[in-house]
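The structure appears right after this line, and notes come after that.
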Amino acid sequence: MEKVAYEDQDHQLVASNCSKSTSSGRARNEPVLESKDSKPVPPPDGGYGWVIVVASFLNQILSIGVPFSVGVYYVAFLEEFQGSKGLTAWIGSIHTGLLFGAGPLAGAVINRFSHRVAVMIGGLMGAVGFFLSAFSTSLYYLYASYGIVAGVGVSLVYVPSVVVIGEWFEHRRNFAFGLASSGVGLGNLIMTPVIQKTIDIFGWRGSLFITSGLFLQSCVFGALMKPLNGGKGAEKLQGKGLKETFHTDILHEWKFILLAINHILWNIGSLIYVVLIPDYAHMHTGTNMDTCAFLLSIFGVASFTGRILVAVITINKKISRFYLFLTATAVTGVAIALVPTTRDYIPLATFSAIYGLFFGIQIPLIAALATEMFGLERLPNVYGYFMFGDGVGALLGPPIAGWLFDLTQSFEAPFYCGGGVTIFAAIIILPISLSKLFQNRKTCIKSITKSASRVPLKTSESFV
């Protein structure tokens, strides 16, 4: 009987130690926020945090809705400047590339100042960039105004609008990330037809004036993003070097490197779809540009749905956010690769819906996984570096697609290329999952060993 009791005690200690190991791992990643009297302040998980979610939601409508509507401006720029598809694609590519590529800069601005300051600087830059673009006389002018100035501006709005959620939420963090990021889906839904309609009525130059004024509103939403800890995090960085500001230590971690490569490959494929789908549909289905642009609206509706869906399903802690992200990446790749298999509008609309749904599932999981794997303190920088990887992919994807089209005079090669690299982006992060399984097993074995050494044995049962 005594032996049975000791065995039961062993099992309880093993379970307890495994649980403690897991919870302590989470604890190391949790925020250490400070109040005015320097005592730790936990995220409120509500209250003014919901104002932050609304402000983030509205800014994500603008900072992603406008760049991802570049397809309709792309057609207007082609007609105006009569450049090749490859050269014209560089406008949207530079813009979207810097939306993501300036992520490390945005993370550093957040660390040095605050989320609020970063957003307001970005809102001003973006508005100026779009305004100057209305006076463009060449593609090279647009590379600078629309591509560089507006591109950096939208990045400084988007990155802090996402990561600020992590500061205000802990237990409801995944839910809050999902709700706020649904603004991206809504932005894709409403901005594309709005911009297309303004182009139809006022021309593309008048449309850019309107876009400039609209984007300036991000400064208003940014003003609502007050720091939870009174800006003490930024004060701690005063006098410190670039290493602390940019958290360059993260660049040597292999899990981070694999995820960064994932972001590069995924965006090569994804941006090919966003840039080329209106032109592909217009050429092969015979429908007008308004109807073709609506494919991006379908993508937006599905993306919005995916973000709400992931906010709800990740409430269940048993669902693996990593495997959900991996699966969503692979499915978007399949959807991209299937585009050239049809020349009918209904199948294209179906692929847009599938692509949008799983794209929408992916986006909120990026910040959630970054917080879980690398900690809230490093979230602005980690997310910024991931955004840089997105930018590299966005910079390469559309020109590659344009050059492949110019070379083959067919859309098949660009879409097959985009789908293939996106699927490979899912495959390349599989070692992270295997490492996690191995680490869990190692932790439990270690706990068994420790618990066995702590359980006393009766003299009669001793091996001595």
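Naming works like this for the structure tokens: A, B, ... for the chains as they're shown, residue 1 at the start of each chain, ligands 1 onward in shown order.
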
Contacts of stretch 145-150 of chain A within 6 Å, only C-alpha atoms, excl. fewer than 5 positions in-chain, as a list of chain:residue names: A:Ile91, A:Ile94, A:His95, A:Gly126, A:Gly129, A:Phe130, A:Ser133

Could those residues be written to a file, using N, CA and C atoms, as a CSV table (one decimal), in the first residue's frame?
```csv
chain,number,residue,atom,x,y,z
A,91,ILE,N,6.5,50.7,-58.3
A,91,ILE,CA,5.9,51.7,-57.4
A,91,ILE,C,5.2,51.1,-56.2
A,94,ILE,N,7.8,49.1,-54.0
A,94,ILE,CA,8.6,49.9,-53.0
A,94,ILE,C,7.7,50.3,-51.9
A,95,HIS,N,6.5,50.8,-52.2
A,95,HIS,CA,5.6,51.3,-51.2
A,95,HIS,C,5.2,50.2,-50.2
A,126,GLY,N,2.9,59.8,-44.3
A,126,GLY,CA,2.0,59.1,-45.3
A,126,GLY,C,1.2,60.1,-46.1
A,129,GLY,N,3.4,62.0,-48.5
A,129,GLY,CA,3.8,61.2,-49.6
A,129,GLY,C,2.7,61.1,-50.6
A,130,PHE,N,1.4,60.8,-50.2
A,130,PHE,CA,0.3,60.7,-51.1
A,130,PHE,C,0.0,62.0,-51.8
A,133,SER,N,2.5,62.7,-54.5
A,133,SER,CA,2.4,61.8,-55.6
A,133,SER,C,1.4,62.3,-56.7
```

Contact residues around A:Val109 with only C-alpha atoms at 8 Å, ignoring same-chain residues under 6 positions, as a ChimeraX atom specification: /A:115,117-118

Nearest candidate to A:Leu186 (options A:Val392, A:Leu78, A:Val66, A:Ile210; using only C-alpha atoms): A:Val66

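Relative to atom CA of A:Ala302, atom CA of A:Val51 is found at 25.1 Å.
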
Residues flagged alpha helix (DSSP H) by DSSP in stretch 185-420 of chain A, as a ChimeraX atom specification: /A:185-215,218-223,232-237,242-246,254-285,289-313,321-338,345-374,379-408,412-420

A:Asn267, A:Ser352, A:Ser182, A:Ser69 ranked by distance to A:Phe299, top pick (using only C-alpha atoms):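 Closest candidate: A:Ser352.
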
Contacts of A:Lys197 at 9 Å (only C-alpha atoms; same-chain gap of 4+ positions) as number ranges by chain: A: 192-193, 201-202, 207, 290

Compile a residue-level contact table for stretch 106-196 of chain A against stretch 370-381 of chain A at a cut-off of 8 Å, reporting for every qualifying residue the shortest atom pair and its distance in Å to one decimal, with only C-alpha atoms counted, rows ordered by chain and ascending number, as a tab-separated table.
```
residue	atom	partner	partner_atom	distance
A:Ala106	CA	A:Pro380	CA	7.9
A:Gly107	CA	A:Pro380	CA	4.7
A:Ala108	CA	A:Asn381	CA	6.9
A:Ile110	CA	A:Pro380	CA	7.1
A:Asn111	CA	A:Pro380	CA	7.6
A:Val159	CA	A:Pro380	CA	7.6
A:Pro160	CA	A:Pro380	CA	7.4
A:Val163	CA	A:Pro380	CA	6.1
A:Gly166	CA	A:Leu376	CA	6.9
A:Glu167	CA	A:Leu376	CA	7.7
```

Shell around A:Leu98 at 7 Å using only C-alpha atoms, local window under 4 positions removed, as a PyMOL selection string: chain A and resi 94+102+148+151-152+155+391

Shortest interatomic distance to A:Trp266 - which of A:Ala176, A:Lys317, A:Phe169, A:Cys417, counting only C-alpha atoms: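 Residue with the minimum atom-to-atom distance to A:Trp266: A:Cys417.
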
Distance of atom CA of A:Asn188 from atom CA of A:Ser297, expressed in Å to one decimal place: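 Here the two named atoms are 6.0 Å from each other.
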
Which residues of stretch 367-388 of chain A sit at most 8 Å from stretch 250-265 of chain A, using only C-alpha atoms? Give each one's shortest atom pair and distance in Å (one decimal place), in chain and ascending residue order, as JSON lines.
```
{"residue": "A:Val382", "atom": "CA", "partner": "A:Ile250", "partner_atom": "CA", "distance": 7.4}
{"residue": "A:Tyr385", "atom": "CA", "partner": "A:Ala260", "partner_atom": "CA", "distance": 7.5}
{"residue": "A:Phe386", "atom": "CA", "partner": "A:Ala260", "partner_atom": "CA", "distance": 5.5}
{"residue": "A:Met387", "atom": "CA", "partner": "A:His263", "partner_atom": "CA", "distance": 7.8}
```
